[in-house]
>>> print(open('target26.cif').read())   # mmCIF, C-alpha atoms and all ligand atoms
data_structure
#
loop_
_atom_site.group_PDB
_atom_site.id
_atom_site.type_symbol
_atom_site.label_atom_id
_atom_site.label_comp_id
_atom_site.auth_asym_id
_atom_site.auth_seq_id
_atom_site.Cartn_x
_atom_site.Cartn_y
_atom_site.Cartn_z
ATOM 1 C CA MET A 1 -27.242 -1.856 48.059
ATOM 2 C CA SER A 2 -27.187 1.758 46.869
ATOM 3 C CA ARG A 3 -24.050 3.334 45.534
ATOM 4 C CA GLU A 4 -23.884 5.488 48.675
ATOM 5 C CA ASP A 5 -23.913 2.399 50.915
ATOM 6 C CA LEU A 6 -21.279 0.789 48.782
ATOM 7 C CA LEU A 7 -19.038 3.821 48.905
ATOM 8 C CA ALA A 8 -19.484 3.877 52.656
ATOM 9 C CA VAL A 9 -18.463 0.282 53.209
ATOM 10 C CA MET A 10 -15.695 -0.054 50.671
ATOM 11 C CA PRO A 11 -12.279 1.090 51.732
ATOM 12 C CA GLN A 12 -11.455 3.734 49.166
ATOM 13 C CA ASP A 13 -7.813 3.583 48.401
ATOM 14 C CA SER A 14 -7.794 5.393 45.120
ATOM 15 C CA VAL A 15 -9.465 8.164 43.191
ATOM 16 C CA GLU A 16 -9.565 5.781 40.238
ATOM 17 C CA GLU A 17 -11.767 3.311 42.121
ATOM 18 C CA LYS A 18 -14.136 6.064 43.180
ATOM 19 C CA GLN A 19 -14.467 7.233 39.598
ATOM 20 C CA LEU A 20 -15.112 3.687 38.436
ATOM 21 C CA LEU A 21 -17.760 3.196 41.120
ATOM 22 C CA ASP A 22 -19.406 6.455 40.058
ATOM 23 C CA GLY A 23 -19.634 5.046 36.554
ATOM 24 C CA ILE A 24 -21.445 1.855 37.557
ATOM 25 C CA ASP A 25 -25.202 1.579 37.128
ATOM 26 C CA PHE A 26 -26.275 -0.584 40.065
ATOM 27 C CA ALA A 27 -29.571 -1.426 38.411
ATOM 28 C CA ARG A 28 -27.755 -3.179 35.560
ATOM 29 C CA LEU A 29 -25.053 -5.173 37.270
ATOM 30 C CA PRO A 30 -24.022 -8.492 35.764
ATOM 31 C CA ARG A 31 -25.760 -11.183 37.801
ATOM 32 C CA HIS A 32 -23.066 -13.776 37.304
ATOM 33 C CA VAL A 33 -19.379 -13.037 36.753
ATOM 34 C CA ALA A 34 -17.038 -15.906 35.853
ATOM 35 C CA VAL A 35 -13.262 -15.555 35.929
ATOM 36 C CA ILE A 36 -10.486 -17.581 34.324
ATOM 37 C CA MET A 37 -7.719 -16.752 36.775
ATOM 38 C CA ASP A 38 -4.590 -17.061 34.662
ATOM 39 C CA GLY A 39 -0.979 -15.933 34.722
ATOM 40 C CA ASN A 40 0.226 -17.032 38.164
ATOM 41 C CA GLY A 41 3.167 -18.939 36.695
ATOM 42 C CA ARG A 42 4.254 -16.019 34.512
ATOM 43 C CA TRP A 43 3.976 -13.648 37.484
ATOM 44 C CA ALA A 44 6.357 -15.866 39.452
ATOM 45 C CA LYS A 45 8.704 -16.371 36.515
ATOM 46 C CA LYS A 46 9.091 -12.612 36.055
ATOM 47 C CA ARG A 47 10.324 -12.495 39.644
ATOM 48 C CA MET A 48 12.507 -15.596 39.270
ATOM 49 C CA MET A 49 10.369 -17.358 41.835
ATOM 50 C CA PRO A 50 8.915 -20.895 41.720
ATOM 51 C CA ARG A 51 5.456 -21.137 40.127
ATOM 52 C CA ILE A 52 3.803 -21.907 43.440
ATOM 53 C CA GLU A 53 4.694 -18.395 44.643
ATOM 54 C CA GLY A 54 2.513 -17.057 41.851
ATOM 55 C CA HIS A 55 -0.370 -19.196 43.075
ATOM 56 C CA ARG A 56 0.224 -18.006 46.618
ATOM 57 C CA ALA A 57 0.216 -14.365 45.499
ATOM 58 C CA GLY A 58 -2.992 -15.029 43.556
ATOM 59 C CA ILE A 59 -4.875 -15.679 46.778
ATOM 60 C CA ALA A 60 -4.889 -11.951 47.585
ATOM 61 C CA SER A 61 -6.579 -11.360 44.216
ATOM 62 C CA VAL A 62 -9.168 -14.024 45.034
ATOM 63 C CA ARG A 63 -9.921 -12.344 48.379
ATOM 64 C CA GLU A 64 -10.315 -8.927 46.814
ATOM 65 C CA THR A 65 -12.470 -10.226 43.970
ATOM 66 C CA VAL A 66 -14.781 -12.159 46.296
ATOM 67 C CA GLU A 67 -15.172 -9.259 48.707
ATOM 68 C CA THR A 68 -15.789 -6.720 45.936
ATOM 69 C CA SER A 69 -18.328 -9.004 44.229
ATOM 70 C CA ALA A 70 -20.236 -9.461 47.480
ATOM 71 C CA ARG A 71 -20.320 -5.753 48.177
ATOM 72 C CA LEU A 72 -21.297 -4.829 44.635
ATOM 73 C CA GLY A 73 -24.275 -7.142 45.029
ATOM 74 C CA LEU A 74 -23.478 -9.712 42.350
ATOM 75 C CA LYS A 75 -25.512 -12.913 42.594
ATOM 76 C CA VAL A 76 -22.878 -15.424 41.475
ATOM 77 C CA LEU A 77 -19.096 -15.345 41.171
ATOM 78 C CA THR A 78 -17.416 -18.396 39.641
ATOM 79 C CA LEU A 79 -13.631 -18.675 39.770
ATOM 80 C CA TYR A 80 -11.841 -21.257 37.630
ATOM 81 C CA ALA A 81 -9.241 -22.655 40.024
ATOM 82 C CA PHE A 82 -8.307 -26.098 38.668
ATOM 83 C CA SER A 83 -9.266 -27.680 35.371
ATOM 84 C CA VAL A 84 -9.480 -31.365 34.496
ATOM 85 C CA GLU A 85 -6.484 -30.659 32.241
ATOM 86 C CA ASN A 86 -4.408 -29.183 35.083
ATOM 87 C CA TRP A 87 -3.544 -32.732 36.302
ATOM 88 C CA LYS A 88 -0.924 -32.656 33.523
ATOM 89 C CA ARG A 89 1.194 -30.314 35.660
ATOM 90 C CA PRO A 90 4.121 -31.444 37.835
ATOM 91 C CA GLU A 91 3.028 -33.264 40.960
ATOM 92 C CA LEU A 92 4.754 -30.722 43.172
ATOM 93 C CA GLU A 93 2.771 -27.835 41.673
ATOM 94 C CA ILE A 94 -0.502 -29.756 42.064
ATOM 95 C CA SER A 95 0.142 -30.680 45.687
ATOM 96 C CA GLY A 96 1.186 -27.081 46.401
ATOM 97 C CA LEU A 97 -2.039 -25.802 44.855
ATOM 98 C CA MET A 98 -4.104 -28.230 46.916
ATOM 99 C CA LEU A 99 -2.371 -27.127 50.106
ATOM 100 C CA LEU A 100 -2.992 -23.458 49.303
ATOM 101 C CA LEU A 101 -6.638 -24.243 48.608
ATOM 102 C CA LYS A 102 -7.033 -26.020 51.919
ATOM 103 C CA HIS A 103 -5.464 -23.167 53.862
ATOM 104 C CA TYR A 104 -7.472 -20.598 51.953
ATOM 105 C CA LEU A 105 -10.773 -22.328 52.754
ATOM 106 C CA ARG A 106 -9.870 -22.597 56.425
ATOM 107 C CA SER A 107 -8.809 -18.999 56.771
ATOM 108 C CA GLU A 108 -11.692 -17.546 54.745
ATOM 109 C CA LEU A 109 -14.669 -19.305 56.291
ATOM 110 C CA ASP A 110 -15.338 -16.653 58.934
ATOM 111 C CA THR A 111 -15.085 -13.837 56.412
ATOM 112 C CA MET A 112 -17.502 -15.648 54.112
ATOM 113 C CA LEU A 113 -20.003 -16.021 56.927
ATOM 114 C CA LYS A 114 -19.559 -12.396 57.963
ATOM 115 C CA ASN A 115 -20.200 -11.217 54.401
ATOM 116 C CA ASP A 116 -23.246 -13.496 53.990
ATOM 117 C CA ILE A 117 -21.491 -15.452 51.221
ATOM 118 C CA ARG A 118 -22.625 -18.939 50.217
ATOM 119 C CA PHE A 119 -19.781 -21.152 49.084
ATOM 120 C CA GLY A 120 -20.024 -23.843 46.443
ATOM 121 C CA VAL A 121 -18.007 -26.034 44.101
ATOM 122 C CA ILE A 122 -18.567 -27.036 40.487
ATOM 123 C CA GLY A 123 -16.623 -29.819 38.840
ATOM 124 C CA ARG A 124 -15.650 -33.235 40.104
ATOM 125 C CA PRO A 125 -14.328 -32.542 43.608
ATOM 126 C CA GLU A 126 -14.538 -36.241 44.467
ATOM 127 C CA ALA A 127 -11.174 -36.741 42.736
ATOM 128 C CA LEU A 128 -9.419 -34.155 44.925
ATOM 129 C CA PRO A 129 -7.372 -35.142 48.000
ATOM 130 C CA ALA A 130 -9.569 -36.175 50.953
ATOM 131 C CA ASP A 131 -8.408 -33.358 53.230
ATOM 132 C CA VAL A 132 -9.288 -30.777 50.564
ATOM 133 C CA GLN A 133 -12.700 -32.385 50.099
ATOM 134 C CA ASP A 134 -13.290 -32.128 53.832
ATOM 135 C CA GLU A 135 -12.622 -28.374 53.780
ATOM 136 C CA LEU A 136 -14.817 -27.924 50.711
ATOM 137 C CA MET A 137 -17.663 -29.770 52.381
ATOM 138 C CA ARG A 138 -17.204 -27.822 55.594
ATOM 139 C CA ALA A 139 -17.296 -24.448 53.821
ATOM 140 C CA THR A 140 -20.317 -25.496 51.750
ATOM 141 C CA GLU A 141 -22.166 -26.816 54.773
ATOM 142 C CA ARG A 142 -21.374 -23.921 57.114
ATOM 143 C CA THR A 143 -22.374 -21.228 54.583
ATOM 144 C CA ARG A 144 -25.465 -22.947 53.194
ATOM 145 C CA HIS A 145 -27.910 -20.503 54.811
ATOM 146 C CA SER A 146 -26.147 -17.377 53.539
ATOM 147 C CA GLN A 147 -28.355 -15.164 51.408
ATOM 148 C CA GLY A 148 -25.750 -13.025 49.634
ATOM 149 C CA LEU A 149 -23.251 -13.815 46.911
ATOM 150 C CA LEU A 150 -22.901 -17.419 45.731
ATOM 151 C CA PHE A 151 -19.137 -17.801 45.435
ATOM 152 C CA GLN A 152 -18.170 -21.000 43.674
ATOM 153 C CA LEU A 153 -14.854 -22.504 42.738
ATOM 154 C CA ALA A 154 -14.559 -24.582 39.590
ATOM 155 C CA LEU A 155 -12.343 -27.460 40.747
ATOM 156 C CA ASN A 156 -11.349 -30.433 38.685
ATOM 157 C CA TYR A 157 -13.719 -28.756 36.265
ATOM 158 C CA GLY A 158 -14.026 -29.320 32.517
ATOM 159 C CA GLY A 159 -16.799 -27.957 30.317
ATOM 160 C CA ARG A 160 -16.925 -31.118 28.227
ATOM 161 C CA THR A 161 -16.780 -33.284 31.347
ATOM 162 C CA GLU A 162 -19.732 -31.315 32.719
ATOM 163 C CA LEU A 163 -21.737 -31.934 29.542
ATOM 164 C CA ALA A 164 -20.848 -35.633 29.538
ATOM 165 C CA ASP A 165 -21.775 -35.948 33.235
ATOM 166 C CA GLY A 166 -25.082 -34.199 32.610
ATOM 167 C CA VAL A 167 -25.973 -36.229 29.543
ATOM 168 C CA ARG A 168 -25.168 -39.462 31.389
ATOM 169 C CA ARG A 169 -27.597 -38.577 34.195
ATOM 170 C CA LEU A 170 -30.169 -37.440 31.663
ATOM 171 C CA ALA A 171 -29.904 -40.734 29.779
ATOM 172 C CA ALA A 172 -30.302 -42.627 33.060
ATOM 173 C CA ASP A 173 -33.515 -40.702 33.742
ATOM 174 C CA VAL A 174 -34.786 -41.633 30.283
ATOM 175 C CA GLN A 175 -33.955 -45.285 30.822
ATOM 176 C CA ALA A 176 -35.011 -45.762 34.435
ATOM 177 C CA ASN A 177 -37.386 -42.933 35.348
ATOM 178 C CA GLY A 178 -39.576 -42.600 32.293
ATOM 179 C CA LEU A 179 -38.266 -39.249 31.032
ATOM 180 C CA ASP A 180 -39.645 -38.828 27.489
ATOM 181 C CA PRO A 181 -36.797 -37.978 25.026
ATOM 182 C CA ALA A 182 -39.253 -35.902 22.993
ATOM 183 C CA THR A 183 -39.549 -33.436 25.883
ATOM 184 C CA ILE A 184 -35.822 -32.739 26.148
ATOM 185 C CA ASP A 185 -34.991 -29.145 25.300
ATOM 186 C CA GLU A 186 -32.297 -26.599 26.248
ATOM 187 C CA ALA A 187 -33.878 -25.935 29.626
ATOM 188 C CA THR A 188 -33.886 -29.664 30.395
ATOM 189 C CA LEU A 189 -30.194 -30.023 29.637
ATOM 190 C CA ALA A 190 -29.367 -26.899 31.693
ATOM 191 C CA ARG A 191 -30.971 -28.577 34.709
ATOM 192 C CA TYR A 192 -28.483 -31.462 34.462
ATOM 193 C CA LEU A 193 -25.397 -29.227 34.539
ATOM 194 C CA TYR A 194 -23.361 -28.386 37.658
ATOM 195 C CA THR A 195 -24.810 -24.869 37.433
ATOM 196 C CA ALA A 196 -28.480 -25.955 37.490
ATOM 197 C CA GLY A 197 -30.695 -23.103 38.638
ATOM 198 C CA GLN A 198 -28.021 -20.409 38.258
ATOM 199 C CA PRO A 199 -28.083 -17.535 35.783
ATOM 200 C CA ASP A 200 -25.543 -17.910 32.968
ATOM 201 C CA PRO A 201 -22.455 -15.686 33.300
ATOM 202 C CA ASP A 202 -23.167 -12.207 31.941
ATOM 203 C CA LEU A 203 -19.487 -11.368 32.094
ATOM 204 C CA LEU A 204 -16.511 -13.676 31.532
ATOM 205 C CA ILE A 205 -13.138 -12.282 32.599
ATOM 206 C CA ARG A 206 -9.795 -13.790 31.646
ATOM 207 C CA THR A 207 -6.511 -12.447 32.963
ATOM 208 C CA SER A 208 -3.018 -12.643 31.424
ATOM 209 C CA GLY A 209 -4.143 -11.932 27.893
ATOM 210 C CA GLU A 210 -4.899 -15.414 26.552
ATOM 211 C CA LEU A 211 -7.699 -15.393 24.000
ATOM 212 C CA ARG A 212 -9.258 -18.790 24.682
ATOM 213 C CA VAL A 213 -11.877 -20.315 26.948
ATOM 214 C CA SER A 214 -9.833 -23.369 28.044
ATOM 215 C CA ASN A 215 -12.832 -25.674 28.484
ATOM 216 C CA PHE A 216 -14.631 -23.350 30.931
ATOM 217 C CA LEU A 217 -18.443 -23.265 31.176
ATOM 218 C CA LEU A 218 -18.852 -24.109 27.496
ATOM 219 C CA TRP A 219 -22.646 -24.298 27.580
ATOM 220 C CA GLN A 220 -23.169 -21.357 29.932
ATOM 221 C CA ILE A 221 -21.033 -18.743 28.140
ATOM 222 C CA ALA A 222 -23.030 -18.914 24.902
ATOM 223 C CA TYR A 223 -23.910 -15.205 25.208
ATOM 224 C CA SER A 224 -21.501 -13.971 27.874
ATOM 225 C CA GLU A 225 -19.646 -10.726 27.312
ATOM 226 C CA ILE A 226 -15.927 -11.494 27.297
ATOM 227 C CA TRP A 227 -13.385 -9.168 28.928
ATOM 228 C CA VAL A 228 -9.703 -10.008 28.633
ATOM 229 C CA THR A 229 -6.928 -8.120 30.385
ATOM 230 C CA ASP A 230 -3.158 -8.477 30.115
ATOM 231 C CA VAL A 231 -2.944 -8.102 33.895
ATOM 232 C CA LEU A 232 -1.623 -11.311 35.460
ATOM 233 C CA TRP A 233 -3.932 -12.832 38.079
ATOM 234 C CA PRO A 234 -1.740 -11.997 41.127
ATOM 235 C CA ASP A 235 -1.850 -8.318 40.024
ATOM 236 C CA PHE A 236 -5.645 -8.308 39.559
ATOM 237 C CA ARG A 237 -7.219 -5.824 41.965
ATOM 238 C CA ARG A 238 -10.589 -4.310 42.791
ATOM 239 C CA ARG A 239 -10.152 -1.589 40.173
ATOM 240 C CA HIS A 240 -9.763 -4.197 37.429
ATOM 241 C CA LEU A 241 -13.039 -5.853 38.387
ATOM 242 C CA LEU A 242 -14.754 -2.466 38.527
ATOM 243 C CA GLN A 243 -13.307 -1.597 35.107
ATOM 244 C CA ALA A 244 -14.652 -4.873 33.701
ATOM 245 C CA VAL A 245 -18.125 -4.064 35.047
ATOM 246 C CA VAL A 246 -18.000 -0.529 33.632
ATOM 247 C CA ASP A 247 -16.949 -1.878 30.225
ATOM 248 C CA TYR A 248 -19.607 -4.595 30.402
ATOM 249 C CA GLN A 249 -22.266 -1.935 30.927
ATOM 250 C CA ARG A 250 -21.148 -0.165 27.748
ATOM 251 C CA ARG A 251 -21.639 -3.287 25.636
ATOM 252 C CA GLU A 252 -24.725 -3.737 23.519
ATOM 253 C CA ARG A 253 -26.085 -7.236 24.070
ATOM 254 C CA ARG A 254 -28.103 -8.260 21.068
ATOM 255 C CA TYR A 255 -28.527 -12.026 21.444
ATOM 256 C CA GLY A 256 -28.791 -12.339 17.693
ATOM 257 C CA GLY A 257 -31.506 -9.724 17.389
ATOM 258 C CA ILE A 258 -31.299 -6.065 16.441
ATOM 259 C CA VAL A 259 -31.500 -3.090 18.728
ATOM 260 C CA ALA A 260 -34.339 -0.665 18.026
ATOM 261 C CA SER A 261 -32.901 2.737 17.068
HETATM 262 C C1 LIG B 1 -3.514 -19.968 36.625
HETATM 263 O O1 LIG B 1 -2.171 -19.607 36.462
HETATM 264 C C2 LIG B 1 -3.748 -20.847 37.812
HETATM 265 C C3 LIG B 1 -4.111 -22.224 37.508
HETATM 266 C C4 LIG B 1 -4.332 -22.715 36.337
HETATM 267 C C5 LIG B 1 -4.196 -23.130 38.633
HETATM 268 P P1 LIG B 1 -1.178 -20.527 35.642
HETATM 269 O O2 LIG B 1 -0.527 -21.464 36.590
HETATM 270 O O3 LIG B 1 -1.878 -21.153 34.506
HETATM 271 O O4 LIG B 1 -0.144 -19.430 35.152
HETATM 272 P P2 LIG B 1 0.555 -19.356 33.726
HETATM 273 O O5 LIG B 1 -0.513 -19.398 32.695
HETATM 274 O O6 LIG B 1 1.490 -20.517 33.640
HETATM 275 O O7 LIG B 1 1.270 -18.035 33.759
HETATM 276 C C1 LIG B 2 -7.196 -22.316 32.698
HETATM 277 O O1 LIG B 2 -5.882 -21.900 32.764
HETATM 278 C C2 LIG B 2 -7.549 -23.118 33.928
HETATM 279 C C3 LIG B 2 -7.633 -22.348 35.159
HETATM 280 C C4 LIG B 2 -7.556 -21.054 35.259
HETATM 281 C C5 LIG B 2 -7.847 -23.137 36.338
HETATM 282 P P1 LIG B 2 -4.723 -22.764 32.084
HETATM 283 O O2 LIG B 2 -3.465 -22.014 32.283
HETATM 284 O O3 LIG B 2 -4.758 -24.163 32.606
HETATM 285 O O4 LIG B 2 -5.180 -22.790 30.565
HETATM 286 P P2 LIG B 2 -4.355 -22.975 29.239
HETATM 287 O O5 LIG B 2 -3.521 -24.220 29.410
HETATM 288 O O6 LIG B 2 -3.494 -21.761 29.072
HETATM 289 O O7 LIG B 2 -5.384 -23.083 28.168
HETATM 290 MG MG MG B 3 -2.172 -20.573 32.576
#
>>> encode(input="target26.cif", output="structure tokens")
Amino acid sequence: MSREDLLAVMPQDSVEEKQLLDGIDFARLPRHVAVIMDGNGRWAKKRMMPRIEGHRAGIASVRETVETSARLGLKVLTLYAFSVENWKRPELEISGLMLLLKHYLRSELDTMLKNDIRFGVIGRPEALPADVQDELMRATERTRHSQGLLFQLALNYGGRTELADGVRRLAADVQANGLDPATIDEATLARYLYTAGQPDPDLLIRTSGELRVSNFLLWQIAYSEIWVTDVLWPDFRRRHLLQAVVDYQRRERRYGGIVAS
């Protein structure tokens, strides 16, 4: 999509967004953007509201991020929605999150189809409540022929769990299917991860200012550019994503080498 097309289809609600769009080089977009959506609880606390209200408000940010990513022409958007560690939270918060997720998937399916978005999940969704799993399967199934953005939610996801799951399947293939251990290299291991076949994230965004990766995509972010904002997830808007892309394009990615001067 050219910048002109993009400007035509995106509702322009600020001069700032237009300027940011003007600054984006569409030939050098990140292929995969991954986001650690954080700060919902703090957003609610600031307003003296229960934490779940922060999660509810965060859904608008999810919508805007997904829509903007699709229209920018990104290949993959991965949103970290529930970690394997998040089961430590109060039961009421967890069940509230699951309910919001179910409603979100139901209400968004048509929009995903309309925007040619393919939906997916990474993690261990089999441990989620059955009704949530049903919605996840429905969204995945119904959007499987979409050709545009792959939008995936990391649910009951842990980076170390992903590596352990992958290595277990790899070991089984060595034992039962004659895979020769001597042939195992980085590309082999990558094929056993939840993200098999996908480009690694070029850009990793974390909201709410925390400077940690919280067990997210440990293998895949080896050379991702990291962009952290103090903005809390429910306040994250299109302009923040555009700003992250603009900043990403100013970075010099060296991958351990040197840049010819
Ligand atoms: C992120 O917001 C959402 C999830 C982890 C599900 P938090 O709920 O972690 O919000 P804070 O970090 O407590 O503000
Ligand atoms: C990371 O946020 C997990 C998700 C965004 C789903 P957390 O709020 O759970 O991470 P920590 O506890 O601050 O590391
Ligand atoms: Mg948090």
>>> resolve_selection(input="target26.cif", expression="the PyMOL selection byres (((chain A and resi 28) around 12) and not hetatm)", output="PDB file with C-alpha atoms, in the coordinates of the input")
ATOM      1  CA  GLY A  23     -19.634   5.046  36.554  1.00  0.00           C
ATOM      2  CA  ILE A  24     -21.445   1.855  37.557  1.00  0.00           C
ATOM      3  CA  ASP A  25     -25.202   1.579  37.128  1.00  0.00           C
ATOM      4  CA  PHE A  26     -26.275  -0.584  40.065  1.00  0.00           C
ATOM      5  CA  ALA A  27     -29.571  -1.426  38.411  1.00  0.00           C
ATOM      6  CA  LEU A  29     -25.053  -5.173  37.270  1.00  0.00           C
ATOM      7  CA  PRO A  30     -24.022  -8.492  35.764  1.00  0.00           C
ATOM      8  CA  ARG A  31     -25.760 -11.183  37.801  1.00  0.00           C
ATOM      9  CA  HIS A  32     -23.066 -13.776  37.304  1.00  0.00           C
ATOM     10  CA  LEU A  72     -21.297  -4.829  44.635  1.00  0.00           C
ATOM     11  CA  GLY A  73     -24.275  -7.142  45.029  1.00  0.00           C
ATOM     12  CA  LEU A  74     -23.478  -9.712  42.350  1.00  0.00           C
ATOM     13  CA  ASP A 202     -23.167 -12.207  31.941  1.00  0.00           C
ATOM     14  CA  VAL A 245     -18.125  -4.064  35.047  1.00  0.00           C
ATOM     15  CA  VAL A 246     -18.000  -0.529  33.632  1.00  0.00           C
ATOM     16  CA  TYR A 248     -19.607  -4.595  30.402  1.00  0.00           C
ATOM     17  CA  GLN A 249     -22.266  -1.935  30.927  1.00  0.00           C
ATOM     18  CA  ARG A 250     -21.148  -0.165  27.748  1.00  0.00           C
ATOM     19  CA  ARG A 251     -21.639  -3.287  25.636  1.00  0.00           C
TER      20      ARG A 251
END
>>> residues_near_ligand(input="target26.cif", ligand="ligand LIG 2 (chain B)", cutoff="10 Å", atoms="all atoms listed in the file", output="ChimeraX atom specification")
/A:35-41,79-89,153-158,206-216,233
>>> write_last_selection(input="target26.cif", atoms="C-alpha atoms", output="CSV table (one decimal), in the frame of the given file")
chain,number,residue,atom,x,y,z
A,35,VAL,CA,-13.3,-15.6,35.9
A,36,ILE,CA,-10.5,-17.6,34.3
A,37,MET,CA,-7.7,-16.8,36.8
A,38,ASP,CA,-4.6,-17.1,34.7
A,39,GLY,CA,-1.0,-15.9,34.7
A,40,ASN,CA,0.2,-17.0,38.2
A,41,GLY,CA,3.2,-18.9,36.7
A,79,LEU,CA,-13.6,-18.7,39.8
A,80,TYR,CA,-11.8,-21.3,37.6
A,81,ALA,CA,-9.2,-22.7,40.0
A,82,PHE,CA,-8.3,-26.1,38.7
A,83,SER,CA,-9.3,-27.7,35.4
A,84,VAL,CA,-9.5,-31.4,34.5
A,85,GLU,CA,-6.5,-30.7,32.2
A,86,ASN,CA,-4.4,-29.2,35.1
A,87,TRP,CA,-3.5,-32.7,36.3
A,88,LYS,CA,-0.9,-32.7,33.5
A,89,ARG,CA,1.2,-30.3,35.7
A,153,LEU,CA,-14.9,-22.5,42.7
A,154,ALA,CA,-14.6,-24.6,39.6
A,155,LEU,CA,-12.3,-27.5,40.7
A,156,ASN,CA,-11.3,-30.4,38.7
A,157,TYR,CA,-13.7,-28.8,36.3
A,158,GLY,CA,-14.0,-29.3,32.5
A,206,ARG,CA,-9.8,-13.8,31.6
A,207,THR,CA,-6.5,-12.4,33.0
A,208,SER,CA,-3.0,-12.6,31.4
A,209,GLY,CA,-4.1,-11.9,27.9
A,210,GLU,CA,-4.9,-15.4,26.6
A,211,LEU,CA,-7.7,-15.4,24.0
A,212,ARG,CA,-9.3,-18.8,24.7
A,213,VAL,CA,-11.9,-20.3,26.9
A,214,SER,CA,-9.8,-23.4,28.0
A,215,ASN,CA,-12.8,-25.7,28.5
A,216,PHE,CA,-14.6,-23.4,30.9
A,233,TRP,CA,-3.9,-12.8,38.1
>>> axis_aligned_box(input="target26.cif", around="ligand LIG 1 (chain B)", padding_each_side="4 Å", output="JSON")
{"center_x": -1.4, "center_y": -20.6, "center_z": 35.7, "size_x": 13.8, "size_y": 13.1, "size_z": 13.9}
>>> residues_around(input="target26.cif", residues="Arg144 of chain A", least_positions_apart="6", cutoff="9 Å", atoms="all atoms listed in the file", output="list in words")
Ile117, Arg118, Phe119 and Gly120 of chain A
>>> resolve_selection(input="target26.cif", expression="the PyMOL selection byres (((chain A and resi 191) around 12) and not hetatm)", output="list in words")
Glu162, Leu163, Asp165, Gly166, Val167, Arg169, Leu170, Ile184, Asp185, Glu186, Ala187, Thr188, Leu189, Ala190, Tyr192, Leu193, Tyr194, Thr195, Ala196, Gly197, Gln198, Pro199, Trp219 and Gln220 of chain A
>>> atom_distance(input="target26.cif", atom1="atom CA of Arg138 of chain A", atom2="atom CA of Gly96 of chain A")
20.6 Å
>>> atom_distance(input="target26.cif", atom1="atom CA of Pro234 of chain A", atom2="atom P2 of ligand LIG 1 (chain B)")
10.7 Å
>>> closest_residue(input="target26.cif", among="A:Arg42, A:Thr65, A:Ala34, A:Gln19", to="Asp230 of chain A", atoms="all atoms listed in the file")
A:Arg42
>>> residues_around(input="target26.cif", residues="Leu109 of chain A", least_positions_apart="5", cutoff="9 Å", atoms="all atoms listed in the file", output="PyMOL selection string")
chain A and resi 104+114+138-139+142-143
>>> write_last_selection(input="target26.cif", atoms="C-alpha atoms", output="PDB file, in the coordinates of the input")
ATOM      1  CA  TYR A 104      -7.472 -20.598  51.953  1.00  0.00           C
ATOM      2  CA  LYS A 114     -19.559 -12.396  57.963  1.00  0.00           C
ATOM      3  CA  ARG A 138     -17.204 -27.822  55.594  1.00  0.00           C
ATOM      4  CA  ALA A 139     -17.296 -24.448  53.821  1.00  0.00           C
ATOM      5  CA  ARG A 142     -21.374 -23.921  57.114  1.00  0.00           C
ATOM      6  CA  THR A 143     -22.374 -21.228  54.583  1.00  0.00           C
TER       7      THR A 143
END
>>> resolve_selection(input="target26.cif", expression="the PyMOL selection byres (((chain A and resi 226) around 6) and not hetatm)", output="list in words")
Leu203, Leu204, Glu225 and Trp227 of chain A
>>> atom_distance(input="target26.cif", atom1="atom CA of Glu91 of chain A", atom2="atom CA of Glu64 of chain A")
28.4 Å
>>> residues_around(input="target26.cif", residues="Arg238 of chain A", least_positions_apart="4", cutoff="12 Å", atoms="all atoms listed in the file", output="PyMOL selection string")
chain A and resi 10-14+16-18+20-21+60-72+233-234+242-245
>>> closest_residue(input="target26.cif", among="A:Glu252, A:Asp235, A:Pro181, A:Val174", to="ligand LIG 1 (chain B)", atoms="only C-alpha atoms and all ligand atoms")
A:Asp235
>>> closest_residue(input="target26.cif", among="A:Ile205, A:Leu217, A:Lys45, A:Asp22", to="Thr229 of chain A", atoms="all atoms listed in the file")
A:Ile205
>>> closest_residue(input="target26.cif", among="A:Leu77, A:Ala176, A:Met98, A:Leu136", to="ligand LIG 1 (chain B)", atoms="all atoms listed in the file")
A:Met98
>>> closest_residue(input="target26.cif", among="A:Trp43, A:Arg160, A:Gly123, A:Gly178", to="Thr78 of chain A", atoms="all atoms listed in the file")
A:Gly123
>>> closest_residue(input="target26.cif", among="A:Val121, A:Lys75, A:Gly58, A:Arg51", to="Asp200 of chain A", atoms="all atoms listed in the file")
A:Lys75
